[in-house]
file structure17.cif (mmCIF, C-alpha atoms and all ligand atoms)
data_coords
loop_
_atom_site.label_atom_id
_atom_site.label_comp_id
_atom_site.auth_asym_id
_atom_site.auth_seq_id
_atom_site.Cartn_x
_atom_site.Cartn_y
_atom_site.Cartn_z
CA MET A 1085 14.37 -20.84 1.20
CA LYS A 1086 14.04 -22.34 -2.23
CA ILE A 1087 16.19 -20.81 -4.98
CA ILE A 1088 15.19 -21.40 -8.60
CA VAL A 1089 17.46 -20.24 -11.40
CA GLU A 1090 15.84 -19.80 -14.81
CA GLU A 1091 17.67 -19.32 -18.08
CA ASN A 1092 16.38 -15.82 -18.76
CA TYR A 1093 13.89 -13.10 -17.81
CA GLN A 1094 11.03 -14.59 -19.86
CA MET A 1095 11.36 -18.00 -18.20
CA LEU A 1096 11.63 -16.40 -14.78
CA SER A 1097 8.41 -14.50 -15.47
CA GLU A 1098 6.61 -17.63 -16.69
CA ARG A 1099 7.66 -19.50 -13.57
CA ALA A 1100 6.51 -16.67 -11.29
CA ALA A 1101 3.19 -16.21 -13.12
CA LYS A 1102 2.46 -19.93 -12.88
CA ILE A 1103 3.12 -20.03 -9.14
CA ILE A 1104 0.95 -16.95 -8.58
CA ALA A 1105 -1.86 -18.21 -10.83
CA ASP A 1106 -1.88 -21.62 -9.13
CA PHE A 1107 -2.01 -19.87 -5.77
CA ILE A 1108 -4.97 -17.73 -6.88
CA LYS A 1109 -6.79 -20.82 -8.18
CA LYS A 1110 -6.40 -22.51 -4.80
CA ASN A 1111 -7.09 -19.33 -2.81
CA PRO A 1112 -9.54 -17.22 -4.83
CA LYS A 1113 -10.09 -14.80 -1.93
CA CYS A 1114 -6.43 -14.30 -1.10
CA VAL A 1115 -4.55 -11.15 -0.17
CA LEU A 1116 -1.67 -10.34 -2.48
CA GLY A 1117 1.27 -8.05 -1.81
CA LEU A 1118 2.37 -6.44 -5.06
CA ALA A 1119 5.66 -5.02 -6.25
CA THR A 1120 6.48 -2.49 -8.94
CA GLY A 1121 9.70 -1.86 -10.88
CA SER A 1122 10.67 -3.39 -14.19
CA THR A 1123 11.17 -6.94 -12.89
CA PRO A 1124 7.52 -8.00 -12.35
CA ILE A 1125 6.23 -6.42 -15.60
CA GLU A 1126 6.22 -9.62 -17.66
CA THR A 1127 4.83 -11.62 -14.73
CA TYR A 1128 1.87 -9.21 -14.65
CA ASN A 1129 1.46 -9.44 -18.45
CA LEU A 1130 1.31 -13.22 -18.18
CA LEU A 1131 -1.20 -13.08 -15.34
CA VAL A 1132 -3.40 -10.86 -17.53
CA GLU A 1133 -3.13 -13.47 -20.31
CA LYS A 1134 -4.13 -16.24 -17.91
CA TYR A 1135 -7.07 -14.13 -16.72
CA LYS A 1136 -8.21 -13.48 -20.32
CA LYS A 1137 -8.07 -17.18 -21.09
CA GLY A 1138 -10.44 -17.70 -18.17
CA GLY A 1139 -7.98 -19.50 -15.95
CA ILE A 1140 -8.08 -17.14 -12.97
CA SER A 1141 -10.24 -14.42 -11.47
CA PHE A 1142 -9.24 -11.51 -9.24
CA LYS A 1143 -12.84 -10.67 -8.33
CA ASN A 1144 -12.41 -11.55 -4.66
CA ILE A 1145 -8.77 -10.61 -4.30
CA THR A 1146 -7.38 -7.80 -2.17
CA THR A 1147 -4.01 -6.24 -2.95
CA PHE A 1148 -1.52 -4.18 -0.98
CA ASN A 1149 1.31 -2.55 -2.88
CA LEU A 1150 4.72 -2.48 -1.31
CA ASP A 1151 5.50 1.15 -1.82
CA GLU A 1152 4.69 4.44 -3.53
CA TYR A 1153 6.43 7.77 -4.06
CA SER A 1154 5.28 10.57 -1.80
CA LYS A 1155 3.56 13.52 -3.41
CA LEU A 1156 2.96 11.90 -6.79
CA ALA A 1157 -0.73 11.96 -7.64
CA PRO A 1158 -2.15 8.54 -8.64
CA LYS A 1159 -2.66 9.93 -12.15
CA ASN A 1160 1.00 10.83 -12.50
CA GLU A 1161 2.51 8.40 -15.00
CA GLN A 1162 5.50 7.76 -12.77
CA SER A 1163 3.41 6.83 -9.76
CA TYR A 1164 3.08 3.21 -8.76
CA HIS A 1165 -0.71 3.66 -8.71
CA PHE A 1166 -0.53 4.47 -12.42
CA PHE A 1167 1.84 1.57 -13.08
CA MET A 1168 -0.44 -0.96 -11.40
CA ASN A 1169 -3.58 0.40 -13.05
CA LYS A 1170 -2.04 0.40 -16.49
CA LEU A 1171 -0.35 -2.98 -16.30
CA LEU A 1172 -2.72 -5.02 -14.21
CA PHE A 1173 -5.78 -3.56 -12.51
CA SER A 1174 -7.40 -2.09 -15.65
CA LYS A 1175 -6.99 -5.42 -17.46
CA ILE A 1176 -8.46 -7.79 -14.88
CA ASP A 1177 -11.67 -8.13 -12.87
CA ILE A 1178 -10.30 -6.80 -9.60
CA ALA A 1179 -12.44 -4.33 -7.61
CA LEU A 1180 -10.36 -1.15 -7.33
CA LYS A 1181 -11.77 -0.57 -3.86
CA ASN A 1182 -9.81 -3.64 -2.78
CA THR A 1183 -6.44 -2.31 -3.99
CA PHE A 1184 -4.35 -0.36 -1.49
CA PHE A 1185 -1.13 1.67 -1.46
CA PRO A 1186 0.73 2.98 1.60
CA THR A 1187 0.43 6.62 0.53
CA ASP A 1188 -3.38 6.29 0.60
CA PHE A 1189 -3.00 6.29 4.39
CA SER A 1190 -0.69 9.32 4.63
CA PRO A 1191 0.22 10.63 7.19
CA ASN A 1192 -1.09 7.75 9.34
CA PHE A 1193 1.04 5.05 7.78
CA GLU A 1194 0.56 2.72 10.75
CA ASN A 1195 -3.03 2.34 9.51
CA TYR A 1196 -1.66 0.51 6.46
CA ASP A 1197 -0.35 -2.26 8.72
CA LYS A 1198 -3.69 -2.28 10.53
CA LYS A 1199 -5.56 -2.55 7.25
CA ILE A 1200 -3.36 -5.48 6.17
CA LYS A 1201 -4.03 -7.19 9.50
CA GLU A 1202 -7.79 -6.62 9.18
CA ALA A 1203 -7.68 -8.20 5.73
CA GLY A 1204 -6.19 -11.32 7.32
CA GLY A 1205 -2.53 -10.60 6.47
CA ILE A 1206 -0.72 -10.97 3.17
CA ASP A 1207 -0.99 -14.51 1.83
CA LEU A 1208 1.47 -14.08 -1.03
CA GLN A 1209 3.92 -11.22 -1.41
CA ILE A 1210 5.69 -10.51 -4.70
CA LEU A 1211 9.03 -8.90 -4.04
CA GLY A 1212 11.90 -7.40 -6.03
CA ILE A 1213 15.24 -5.99 -4.92
CA GLY A 1214 17.13 -2.76 -5.49
CA THR A 1215 20.78 -2.86 -6.56
CA ASN A 1216 21.64 -1.77 -3.01
CA GLY A 1217 19.69 -4.68 -1.51
CA HIS A 1218 16.57 -2.70 -0.61
CA ILE A 1219 13.15 -4.37 -0.46
CA GLY A 1220 10.18 -2.11 -1.03
CA PHE A 1221 11.82 1.21 -0.24
CA ASN A 1222 13.51 -0.10 2.90
CA GLU A 1223 16.96 1.26 2.26
CA PRO A 1224 20.16 -0.17 3.81
CA GLY A 1225 20.16 0.57 7.53
CA SER A 1226 16.37 0.15 7.89
CA LYS A 1227 15.42 -1.63 11.08
CA PHE A 1228 14.15 -5.18 10.71
CA SER A 1229 11.35 -4.17 13.11
CA SER A 1230 10.25 -1.31 10.82
CA LYS A 1231 6.59 -0.88 9.93
CA THR A 1232 4.94 1.00 7.09
CA ARG A 1233 6.28 4.55 7.13
CA GLN A 1234 7.59 7.43 5.07
CA VAL A 1235 11.27 7.17 4.15
CA LEU A 1236 13.94 9.22 2.44
CA LEU A 1237 15.30 7.54 -0.66
CA ASN A 1238 19.05 7.23 -0.85
CA LYS A 1239 21.16 8.56 -3.71
CA ASN A 1240 21.69 5.14 -5.25
CA THR A 1241 17.94 4.49 -5.46
CA ILE A 1242 17.22 7.95 -6.88
CA LYS A 1243 19.85 7.32 -9.56
CA ASP A 1244 18.56 3.79 -10.36
CA ASN A 1245 14.94 4.95 -10.59
CA SER A 1246 15.72 8.09 -12.60
CA ARG A 1247 15.45 5.95 -15.73
CA PHE A 1248 11.67 6.17 -15.37
CA PHE A 1249 11.66 9.99 -15.11
CA LYS A 1250 12.53 12.81 -17.53
CA SER A 1251 15.41 13.92 -15.35
CA ILE A 1252 16.97 12.82 -12.07
CA LYS A 1253 15.64 16.05 -10.54
CA ASP A 1254 12.09 14.78 -11.06
CA VAL A 1255 12.58 11.67 -8.91
CA PRO A 1256 10.78 12.17 -5.58
CA LYS A 1257 13.09 12.18 -2.58
CA LYS A 1258 10.53 10.58 -0.31
CA ALA A 1259 8.33 7.52 -0.50
CA ALA A 1260 6.10 5.40 1.69
CA THR A 1261 6.94 1.75 2.06
CA MET A 1262 5.76 -1.33 3.88
CA GLY A 1263 8.25 -1.90 6.66
CA ILE A 1264 10.56 -4.87 6.82
CA SER A 1265 8.48 -6.39 9.63
CA THR A 1266 5.36 -5.86 7.49
CA ILE A 1267 6.98 -7.76 4.60
CA MET A 1268 8.24 -10.53 6.89
CA LYS A 1269 4.70 -11.15 8.15
CA ALA A 1270 3.61 -12.26 4.65
CA LYS A 1271 2.79 -15.96 4.76
CA LYS A 1272 4.58 -16.69 1.50
CA ILE A 1273 6.99 -14.59 -0.56
CA ILE A 1274 7.96 -14.84 -4.21
CA PHE A 1275 11.17 -12.95 -4.70
CA LEU A 1276 12.25 -12.03 -8.24
CA ALA A 1277 15.53 -10.68 -9.55
CA SER A 1278 16.75 -10.43 -13.11
CA GLY A 1279 19.87 -9.10 -14.74
CA GLU A 1280 23.54 -8.70 -14.18
CA ASN A 1281 23.07 -5.49 -12.18
CA LYS A 1282 21.41 -7.50 -9.40
CA LYS A 1283 24.09 -10.19 -9.01
CA GLU A 1284 25.98 -8.37 -6.26
CA ALA A 1285 22.82 -7.64 -4.26
CA ILE A 1286 21.74 -11.28 -4.62
CA TYR A 1287 25.10 -12.54 -3.41
CA ASN A 1288 25.08 -10.13 -0.45
CA SER A 1289 21.48 -11.06 0.42
CA PHE A 1290 21.65 -14.82 0.31
CA CYS A 1291 25.30 -15.86 0.68
CA LYS A 1292 26.33 -13.63 3.56
CA LYS A 1293 25.22 -13.07 7.13
CA VAL A 1294 21.91 -11.35 7.73
CA SER A 1295 22.62 -7.64 8.12
CA THR A 1296 20.63 -4.40 8.14
CA LYS A 1297 23.20 -3.17 5.60
CA VAL A 1298 21.49 -5.47 3.09
CA PRO A 1299 17.74 -5.37 3.85
CA ALA A 1300 16.88 -8.36 1.64
CA SER A 1301 19.20 -10.58 3.71
CA ILE A 1302 16.46 -10.82 6.37
CA LEU A 1303 14.58 -13.08 3.95
CA GLN A 1304 16.98 -15.85 4.97
CA LYS A 1305 14.92 -15.96 8.17
CA HIS A 1306 11.53 -16.21 6.47
CA LYS A 1307 10.01 -19.71 6.47
CA ASN A 1308 8.37 -19.64 3.06
CA VAL A 1309 10.31 -17.81 0.36
CA ILE A 1310 10.73 -18.84 -3.25
CA VAL A 1311 13.59 -16.95 -4.88
CA ILE A 1312 13.39 -16.93 -8.68
CA LEU A 1313 16.44 -15.59 -10.48
CA ASP A 1314 17.63 -15.55 -14.03
CA LYS A 1315 21.14 -16.74 -14.79
CA ALA A 1316 22.57 -13.24 -14.89
CA ALA A 1317 21.27 -12.35 -11.43
CA ALA A 1318 22.40 -15.73 -10.07
CA GLU A 1319 25.89 -15.50 -11.54
CA LYS A 1320 27.75 -14.81 -8.29
CA ILE A 1321 25.89 -17.37 -6.22
CA ALA A 1322 26.27 -19.99 -8.94
CA LYS A 1323 30.02 -19.46 -8.94
CA LYS A 1324 30.09 -19.95 -5.20
CA GLU A 1325 28.36 -23.33 -5.40
C1 LIG B 1 12.10 0.14 -6.73
C2 LIG B 1 10.99 -0.42 -5.87
C3 LIG B 1 11.32 -1.78 -5.36
C4 LIG B 1 11.81 -2.66 -6.49
C5 LIG B 1 13.09 -2.08 -7.04
C6 LIG B 1 13.68 -2.87 -8.17
O1 LIG B 1 13.02 0.90 -6.02
N1 LIG B 1 10.70 0.42 -4.77
O2 LIG B 1 10.19 -2.34 -4.72
O3 LIG B 1 12.01 -3.96 -6.05
O4 LIG B 1 12.81 -0.78 -7.49
O5 LIG B 1 13.23 -2.41 -9.39
P1 LIG B 1 13.51 -3.08 -10.79
O6 LIG B 1 12.67 -4.27 -10.83
O7 LIG B 1 13.09 -2.05 -11.79
O8 LIG B 1 14.95 -3.37 -10.84
#
call {"tool": "encode", "arguments": {"input": "structure17.cif", "output": "structure tokens"}}
result
Amino acid sequence: MKIIVEENYQMLSERAAKIIADFIKKNPKCVLGLATGSTPIETYNLLVEKYKKGGISFKNITTFNLDEYSKLAPKNEQSYHFFMNKLLFSKIDIALKNTFFPTDFSPNFENYDKKIKEAGGIDLQILGIGTNGHIGFNEPGSKFSSKTRQVLLNKNTIKDNSRFFKSIKDVPKKAATMGISTIMKAKKIIFLASGENKKEAIYNSFCKKVSTKVPASILQKHKNVIVILDKAAAEKIAKKE
């Protein structure tokens, strides 16, 4: 595991976008695993810039998103479909038929894993982390052997994500997520975390023993992970060093 600490969110995003763009240049037909949340927003903006400058093309790329709320229509502004379309897909040359979300396979979520396998597996997975250490929507306690499935969100996640909704009551209680084993099968992972509110989760994930209590800790066992943090998110691990 390689850990890179950047000064701030902008520099973290530039670093991530460069790694992803270089990867796409070398592997123009690759399969990308995509994350939502506020952390990757600037990375996506920068990838759009690179695309517009003619540096990269998404024409032959297939994407699989990590997760999606259950029962939110793709047109709902809070859905991850909407997020990805608005931020990335509508601004690049990707074929929408090659973009997939786990809820598209509801209720046969196991078909999402099959679809990923048929596509040749995820070459590069972009990953964030919840303040409780979740990856995708794999909440603490999720089995490391878990596959794509529907899950119940825990209170902490509902509270954290309520900032994107009018009221906490509007946050869906269920979501579909790639499983932890699905994520671990990705050939390469770029993990991003920014901000002081992530420092505890980062410390628990990378400085302690691997535990299902902290889903992201399993990444310690992945052979090809680049962790990119800003100083605020790295604060507790930096103090330890
Ligand atoms: C959500 C998503 C996760 C994401 C996390 C962090 O719960 N399901 O995949 O990593 O939020 O979001 P943010 O980047 O907004 O902190």
call {"tool": "residues_around", "arguments": {"input": "structure17.cif", "residues": "segment 1219-1232 of chain A", "least_positions_apart": "4", "cutoff": "10 Å", "atoms": "only C-alpha atoms", "output": "PDB file with C-alpha atoms, keeping the file's coordinate frame"}}
result
ATOM      1  CA  LEU A1118       2.370  -6.440  -5.060  1.00  0.00           C
ATOM      2  CA  ALA A1119       5.660  -5.020  -6.250  1.00  0.00           C
ATOM      3  CA  THR A1120       6.480  -2.490  -8.940  1.00  0.00           C
ATOM      4  CA  GLY A1121       9.700  -1.860 -10.880  1.00  0.00           C
ATOM      5  CA  ASN A1149       1.310  -2.550  -2.880  1.00  0.00           C
ATOM      6  CA  LEU A1150       4.720  -2.480  -1.310  1.00  0.00           C
ATOM      7  CA  ASP A1151       5.500   1.150  -1.820  1.00  0.00           C
ATOM      8  CA  GLU A1152       4.690   4.440  -3.530  1.00  0.00           C
ATOM      9  CA  TYR A1153       6.430   7.770  -4.060  1.00  0.00           C
ATOM     10  CA  PRO A1186       0.730   2.980   1.600  1.00  0.00           C
ATOM     11  CA  THR A1187       0.430   6.620   0.530  1.00  0.00           C
ATOM     12  CA  PHE A1189      -3.000   6.290   4.390  1.00  0.00           C
ATOM     13  CA  ASN A1192      -1.090   7.750   9.340  1.00  0.00           C
ATOM     14  CA  PHE A1193       1.040   5.050   7.780  1.00  0.00           C
ATOM     15  CA  GLU A1194       0.560   2.720  10.750  1.00  0.00           C
ATOM     16  CA  ASN A1195      -3.030   2.340   9.510  1.00  0.00           C
ATOM     17  CA  TYR A1196      -1.660   0.510   6.460  1.00  0.00           C
ATOM     18  CA  ASP A1197      -0.350  -2.260   8.720  1.00  0.00           C
ATOM     19  CA  LYS A1198      -3.690  -2.280  10.530  1.00  0.00           C
ATOM     20  CA  LEU A1211       9.030  -8.900  -4.040  1.00  0.00           C
ATOM     21  CA  GLY A1212      11.900  -7.400  -6.030  1.00  0.00           C
ATOM     22  CA  ILE A1213      15.240  -5.990  -4.920  1.00  0.00           C
ATOM     23  CA  GLY A1214      17.130  -2.760  -5.490  1.00  0.00           C
ATOM     24  CA  THR A1215      20.780  -2.860  -6.560  1.00  0.00           C
ATOM     25  CA  LEU A1236      13.940   9.220   2.440  1.00  0.00           C
ATOM     26  CA  LEU A1237      15.300   7.540  -0.660  1.00  0.00           C
ATOM     27  CA  ASN A1238      19.050   7.230  -0.850  1.00  0.00           C
ATOM     28  CA  ASN A1240      21.690   5.140  -5.250  1.00  0.00           C
ATOM     29  CA  THR A1241      17.940   4.490  -5.460  1.00  0.00           C
ATOM     30  CA  LYS A1258      10.530  10.580  -0.310  1.00  0.00           C
ATOM     31  CA  ALA A1259       8.330   7.520  -0.500  1.00  0.00           C
ATOM     32  CA  ALA A1260       6.100   5.400   1.690  1.00  0.00           C
ATOM     33  CA  THR A1261       6.940   1.750   2.060  1.00  0.00           C
ATOM     34  CA  MET A1262       5.760  -1.330   3.880  1.00  0.00           C
ATOM     35  CA  GLY A1263       8.250  -1.900   6.660  1.00  0.00           C
ATOM     36  CA  ILE A1264      10.560  -4.870   6.820  1.00  0.00           C
ATOM     37  CA  SER A1265       8.480  -6.390   9.630  1.00  0.00           C
ATOM     38  CA  THR A1266       5.360  -5.860   7.490  1.00  0.00           C
ATOM     39  CA  ILE A1267       6.980  -7.760   4.600  1.00  0.00           C
ATOM     40  CA  MET A1268       8.240 -10.530   6.890  1.00  0.00           C
ATOM     41  CA  PHE A1275      11.170 -12.950  -4.700  1.00  0.00           C
ATOM     42  CA  SER A1295      22.620  -7.640   8.120  1.00  0.00           C
ATOM     43  CA  THR A1296      20.630  -4.400   8.140  1.00  0.00           C
ATOM     44  CA  LYS A1297      23.200  -3.170   5.600  1.00  0.00           C
ATOM     45  CA  VAL A1298      21.490  -5.470   3.090  1.00  0.00           C
ATOM     46  CA  PRO A1299      17.740  -5.370   3.850  1.00  0.00           C
ATOM     47  CA  ALA A1300      16.880  -8.360   1.640  1.00  0.00           C
ATOM     48  CA  SER A1301      19.200 -10.580   3.710  1.00  0.00           C
ATOM     49  CA  ILE A1302      16.460 -10.820   6.370  1.00  0.00           C
ATOM     50  CA  LEU A1303      14.580 -13.080   3.950  1.00  0.00           C
TER      51      LEU A1303
END
call {"tool": "axis_aligned_box", "arguments": {"input": "structure17.cif", "around": "segment 1183-1201 of chain A", "padding_each_side": "3 Å", "output": "JSON"}}
result
{"center_x": -2.7, "center_y": 1.7, "center_z": 3.4, "size_x": 13.5, "size_y": 23.8, "size_z": 20.7}
call {"tool": "closest_residue", "arguments": {"input": "structure17.cif", "among": "A:Leu1171, A:Ile1210, A:Leu1131, A:Ile1252", "to": "ligand LIG 1 (chain B)", "atoms": "all atoms listed in the file"}}
result
A:Ile1210
call {"tool": "residues_around", "arguments": {"input": "structure17.cif", "residues": "Val1132 of chain A", "least_positions_apart": "6", "cutoff": "10 Å", "atoms": "all atoms listed in the file", "output": "list in words"}}
result
Ala1101, Glu1126, Gly1138, Gly1139, Ile1140, Ser1141, Leu1171, Leu1172, Phe1173, Ser1174, Lys1175, Ile1176 and Asp1177 of chain A
call {"tool": "atom_distance", "arguments": {"input": "structure17.cif", "atom1": "atom CA of Phe1290 of chain A", "atom2": "atom CA of Gln1304 of chain A"}}
result
6.7 Å
call {"tool": "residues_around", "arguments": {"input": "structure17.cif", "residues": "Ile1273 of chain A", "least_positions_apart": "5", "cutoff": "7 Å", "atoms": "only C-alpha atoms", "output": "list in words"}}
result
Leu1208, Gln1209, Ile1210, Leu1211, Asn1308, Val1309 and Ile1310 of chain A
call {"tool": "atom_distance", "arguments": {"input": "structure17.cif", "atom1": "atom CA of Asn1182 of chain A", "atom2": "atom CA of Ile1104 of chain A"}}
result
18.1 Å
call {"tool": "closest_residue", "arguments": {"input": "structure17.cif", "among": "A:Ser1278, A:Thr1127, A:Gln1234, A:Asn1111", "to": "Lys1155 of chain A", "atoms": "only C-alpha atoms"}}
result
A:Gln1234
call {"tool": "closest_residue", "arguments": {"input": "structure17.cif", "among": "A:Asp1244, A:Glu1284, A:Asp1314, A:Glu1098", "to": "ligand LIG 1 (chain B)", "atoms": "only C-alpha atoms and all ligand atoms"}}
result
A:Asp1244
call {"tool": "decode", "arguments": {"input": "structure17.cif", "residues": "segment 1133-1143 of chain A", "atoms": "all heavy atoms", "output": "compact mmCIF listing (two decimals), in the first residue's frame"}}
result
# COMPACT_ATOMS: atom_id res chain seq x y z
N GLU A 1133 -11.79 18.23 -17.72
CA GLU A 1133 -10.86 19.21 -18.33
C GLU A 1133 -9.86 18.52 -19.24
O GLU A 1133 -9.59 18.97 -20.36
CB GLU A 1133 -10.07 19.93 -17.23
CG GLU A 1133 -10.62 21.27 -16.85
CD GLU A 1133 -9.77 21.92 -15.77
OE1 GLU A 1133 -8.53 21.74 -15.74
OE2 GLU A 1133 -10.38 22.61 -14.93
N LYS A 1134 -9.29 17.43 -18.73
CA LYS A 1134 -8.28 16.70 -19.53
C LYS A 1134 -8.92 16.15 -20.79
O LYS A 1134 -8.32 16.15 -21.86
CB LYS A 1134 -7.67 15.56 -18.70
CG LYS A 1134 -6.73 16.06 -17.60
CD LYS A 1134 -6.20 14.88 -16.78
CE LYS A 1134 -5.53 15.29 -15.49
NZ LYS A 1134 -4.29 16.03 -15.62
N TYR A 1135 -10.16 15.67 -20.68
CA TYR A 1135 -10.87 15.17 -21.86
C TYR A 1135 -11.06 16.29 -22.87
O TYR A 1135 -10.80 16.13 -24.07
CB TYR A 1135 -12.22 14.56 -21.44
CG TYR A 1135 -13.19 14.46 -22.58
CD1 TYR A 1135 -13.02 13.51 -23.58
CD2 TYR A 1135 -14.25 15.36 -22.69
CE1 TYR A 1135 -13.88 13.44 -24.65
CE2 TYR A 1135 -15.12 15.30 -23.76
CZ TYR A 1135 -14.93 14.34 -24.75
OH TYR A 1135 -15.78 14.28 -25.81
N LYS A 1136 -11.50 17.46 -22.38
CA LYS A 1136 -11.78 18.59 -23.29
C LYS A 1136 -10.53 19.07 -23.99
O LYS A 1136 -10.57 19.53 -25.13
CB LYS A 1136 -12.45 19.74 -22.52
CG LYS A 1136 -13.90 19.42 -22.21
CD LYS A 1136 -14.64 20.59 -21.64
CE LYS A 1136 -16.11 20.23 -21.47
NZ LYS A 1136 -16.76 21.05 -20.47
N LYS A 1137 -9.41 18.96 -23.31
CA LYS A 1137 -8.14 19.36 -23.94
C LYS A 1137 -7.66 18.33 -24.95
O LYS A 1137 -6.63 18.50 -25.60
CB LYS A 1137 -7.07 19.54 -22.86
CG LYS A 1137 -7.21 20.85 -22.11
CD LYS A 1137 -6.02 21.04 -21.18
CE LYS A 1137 -6.22 22.24 -20.28
NZ LYS A 1137 -5.55 22.06 -18.98
N GLY A 1138 -8.37 17.21 -25.00
CA GLY A 1138 -8.01 16.17 -25.99
C GLY A 1138 -7.02 15.15 -25.47
O GLY A 1138 -6.51 14.34 -26.24
N GLY A 1139 -6.75 15.17 -24.20
CA GLY A 1139 -5.75 14.26 -23.64
C GLY A 1139 -6.22 12.83 -23.46
O GLY A 1139 -5.43 11.89 -23.52
N ILE A 1140 -7.52 12.66 -23.20
CA ILE A 1140 -8.03 11.30 -22.94
C ILE A 1140 -9.41 11.13 -23.59
O ILE A 1140 -10.14 12.10 -23.79
CB ILE A 1140 -8.16 10.98 -21.43
CG1 ILE A 1140 -8.79 12.16 -20.65
CG2 ILE A 1140 -6.85 10.58 -20.83
CD1 ILE A 1140 -9.16 11.84 -19.21
N SER A 1141 -9.73 9.87 -23.84
CA SER A 1141 -11.07 9.56 -24.36
C SER A 1141 -11.67 8.42 -23.53
O SER A 1141 -10.97 7.52 -23.09
CB SER A 1141 -10.97 9.12 -25.82
OG SER A 1141 -12.19 8.54 -26.22
N PHE A 1142 -12.98 8.51 -23.34
CA PHE A 1142 -13.71 7.49 -22.58
C PHE A 1142 -14.56 6.62 -23.51
O PHE A 1142 -15.41 5.87 -23.06
CB PHE A 1142 -14.62 8.16 -21.54
CG PHE A 1142 -13.87 8.89 -20.45
CD1 PHE A 1142 -13.37 10.17 -20.67
CD2 PHE A 1142 -13.68 8.31 -19.21
CE1 PHE A 1142 -12.68 10.85 -19.68
CE2 PHE A 1142 -13.00 8.99 -18.20
CZ PHE A 1142 -12.49 10.26 -18.44
N LYS A 1143 -14.33 6.78 -24.81
CA LYS A 1143 -15.17 6.13 -25.82
C LYS A 1143 -15.27 4.62 -25.63
O LYS A 1143 -16.33 4.04 -25.81
CB LYS A 1143 -14.56 6.44 -27.20
CG LYS A 1143 -15.55 6.50 -28.31
CD LYS A 1143 -14.94 7.08 -29.57
CE LYS A 1143 -13.80 6.20 -30.07
NZ LYS A 1143 -13.02 6.81 -31.15
